[in-house]
Amino acid sequence: SKVYEMNFDFQLNRSKKQIKPAVLSWATVLDTAIESGPFIIYTAMEHRDALITAQDAKHQLYLMLPSGTIRVKKPLPDAIYGKITAVDLFGNNTTQLMFATQKQLWTIDQDGNNTGLFPVTLPANVAGEVSYHFDESGSVDKIYIPCTNGFIYAFEKDGRPCEKWQQKIRVDSTLSTIQSFDWNNECKLAAIAKSKLILVNESGKQIAFPSNEKFMDGSVFKGDSSMATSIALLNTEGDLFLLDTKKMTLAKKCHIPDSKHLATSSGGSMNPTIIVSSEKQLTIIDTSGTIINNIKIPSSEGVLLQAGSNTIHWSIADAKSNQLFLYNNQGKLIPGFPVKGSAGFDYLESVNYSSNAIVTVSPDGKISLYTTGE
């Protein structure tokens with residue numbers, strides 16, 4: 001089964017108002033089964049307008065309005081790898097959509113038209129999820145793509161290759177995870193290749209990191225103002241490690257038997273948490289390694305595990321029951337959940353509308369929007 005991971009922000013209203021149950025607003029069926037998505041792309045400042053994007057099994061990309069109306073349906077040559085993200089290609093406060101398919105890097109406008117130099121043909125097929133690096137303003141400024149020839153390629157947001165990037169070091173042809181992070185005002189990359197943690201600096205040179213651990217999953221996250229950027233790592237034995245990227249020290253925190261995947265939540269002003277899925281159980285852990293809660297689930301197979309930056313909520317989706325569950329960081333189920341949809345989801349933070357919403361998709365391509373107003 002396939003595990004999808006997506007990032008979104010789910011803000012908690014700290015007032016004492018009771019949260020209203022989730023209510024289905026609309027549902028739209030794609031031409032065929034879902035391939036990837038949904039992804040929410042905000043098209044204006046302060047999240048005032050948005051597009052809901054998804055790709056079906058025919059490789060058609062859908063751009064939908066929050067009302068459920070399909071605005072654009074764009075054929076693509078193959079599947080999208082990883083996320084679709086927003087980019088201001090021309091620096092004029094307009095939003096384009098950037099993503100990678102098997103052989104190309106794309107940027108399109110809100111009408112589905114190709115923009116700038118795009119699509120850019122890659123030297124080899126994509127081998128894993130694309131990593132986007134954001135500048136201080138929150139805009140994409142670098143794109144890192146692992147390819148099947150064993151190299152990670154770096155591009156500027158306009159599609160030009162990064163001049164500083166040296167592509168002479170072969171990292172590995174089996175990259176499974178790649179994420180960017182900042183350290184000492186420089187961008188760095190963390191990747192897992194053949195169970196080894198690989199660190200790469202902004203010039204593409206590998207950073208020596210002495211560790212014999214075999215890792216199967218990892219996630220970069222930021223703590224509060226007193227914490228450096230950290231990387232949560234899960235080894236093949238079920239041990240959870242934290243890498244302090246400032247001191248470059250690796251510390252074992254706890255052991256979770258039969259571990260499968262992990263996700264991290266920075267938590268904004270709250271304490272960061274780590275969520276690990278194991279056989280029939282989800283474990284919530286703080287950064288000291290203390291277990292906060294254990295939640296029983298029917299099976300870890302087909303479970304989507306998600307925690308976003310600046311959020312104190314996280315979600316799982318069970319493919320067997322086609323249900324999405326939304327919990328807070330203490331493991332308490334949010335009122336109105338579960339709802340239908342297990343193949344993907346994203347959260348729509350609304351300003352122009354009366355309430356926030358969560359967008360889900362079922363394996364058969366049915367996209368649904370549930371309002372989660374307070």
# chains A, B, ... in the order shown; residues from 1 in each chain; ligands from 1

$ residues_around --residues "Asn201 (chain A)" --least-positions-apart "2" --cutoff "7 Å" --atoms "only C-alpha atoms" --output "PDB file with N, CA, C and O atoms, in the first residue's frame"
ATOM      1  N   CYS A 187      21.725  26.851   3.267  1.00  0.00           N
ATOM      2  CA  CYS A 187      20.776  25.764   3.022  1.00  0.00           C
ATOM      3  C   CYS A 187      21.514  24.434   2.995  1.00  0.00           C
ATOM      4  O   CYS A 187      22.588  24.326   2.420  1.00  0.00           O
ATOM      5  N   LYS A 188      20.923  23.460   3.648  1.00  0.00           N
ATOM      6  CA  LYS A 188      21.497  22.119   3.636  1.00  0.00           C
ATOM      7  C   LYS A 188      20.396  21.125   3.264  1.00  0.00           C
ATOM      8  O   LYS A 188      19.214  21.413   3.378  1.00  0.00           O
ATOM      9  N   LEU A 189      20.813  19.959   2.840  1.00  0.00           N
ATOM     10  CA  LEU A 189      19.882  18.904   2.485  1.00  0.00           C
ATOM     11  C   LEU A 189      20.143  17.668   3.330  1.00  0.00           C
ATOM     12  O   LEU A 189      21.294  17.342   3.627  1.00  0.00           O
ATOM     13  N   LEU A 199      24.038  14.012   4.371  1.00  0.00           N
ATOM     14  CA  LEU A 199      23.908  15.458   4.512  1.00  0.00           C
ATOM     15  C   LEU A 199      24.717  16.136   3.421  1.00  0.00           C
ATOM     16  O   LEU A 199      25.867  15.767   3.168  1.00  0.00           O
ATOM     17  N   SER A 203      26.377  23.769  -1.761  1.00  0.00           N
ATOM     18  CA  SER A 203      27.161  23.642  -2.987  1.00  0.00           C
ATOM     19  C   SER A 203      27.090  22.244  -3.588  1.00  0.00           C
ATOM     20  O   SER A 203      27.716  21.968  -4.608  1.00  0.00           O
ATOM     21  N   GLY A 204      26.353  21.357  -2.909  1.00  0.00           N
ATOM     22  CA  GLY A 204      26.227  20.006  -3.415  1.00  0.00           C
ATOM     23  C   GLY A 204      27.278  19.061  -2.900  1.00  0.00           C
ATOM     24  O   GLY A 204      27.364  17.909  -3.339  1.00  0.00           O
ATOM     25  N   LYS A 205      28.104  19.506  -1.947  1.00  0.00           N
ATOM     26  CA  LYS A 205      29.152  18.650  -1.392  1.00  0.00           C
ATOM     27  C   LYS A 205      28.627  17.906  -0.171  1.00  0.00           C
ATOM     28  O   LYS A 205      27.952  18.484   0.673  1.00  0.00           O
ATOM     29  N   GLN A 206      28.979  16.636  -0.093  1.00  0.00           N
ATOM     30  CA  GLN A 206      28.522  15.814   1.021  1.00  0.00           C
ATOM     31  C   GLN A 206      29.273  16.181   2.295  1.00  0.00           C
ATOM     32  O   GLN A 206      30.483  16.368   2.299  1.00  0.00           O
ATOM     33  N   ILE A 207      28.508  16.307   3.395  1.00  0.00           N
ATOM     34  CA  ILE A 207      29.086  16.631   4.699  1.00  0.00           C
ATOM     35  C   ILE A 207      29.344  15.333   5.438  1.00  0.00           C
ATOM     36  O   ILE A 207      28.477  14.459   5.530  1.00  0.00           O
TER      37      ILE A 207
END

$ closest_residue --among "A:Ala22, A:Ile291, A:Leu89, A:Leu51" --to "Val72 (chain A)" --atoms "only C-alpha atoms"
A:Leu51

$ closest_residue --among "A:Tyr81, A:Met248, A:Ile297, A:Ala232" --to "Ile274 (chain A)" --atoms "only C-alpha atoms"
A:Ala232

$ atom_distance --atom1 "CA of Leu97 (chain A)" --atom2 "CA of Arg71 (chain A)"
14.2 Å
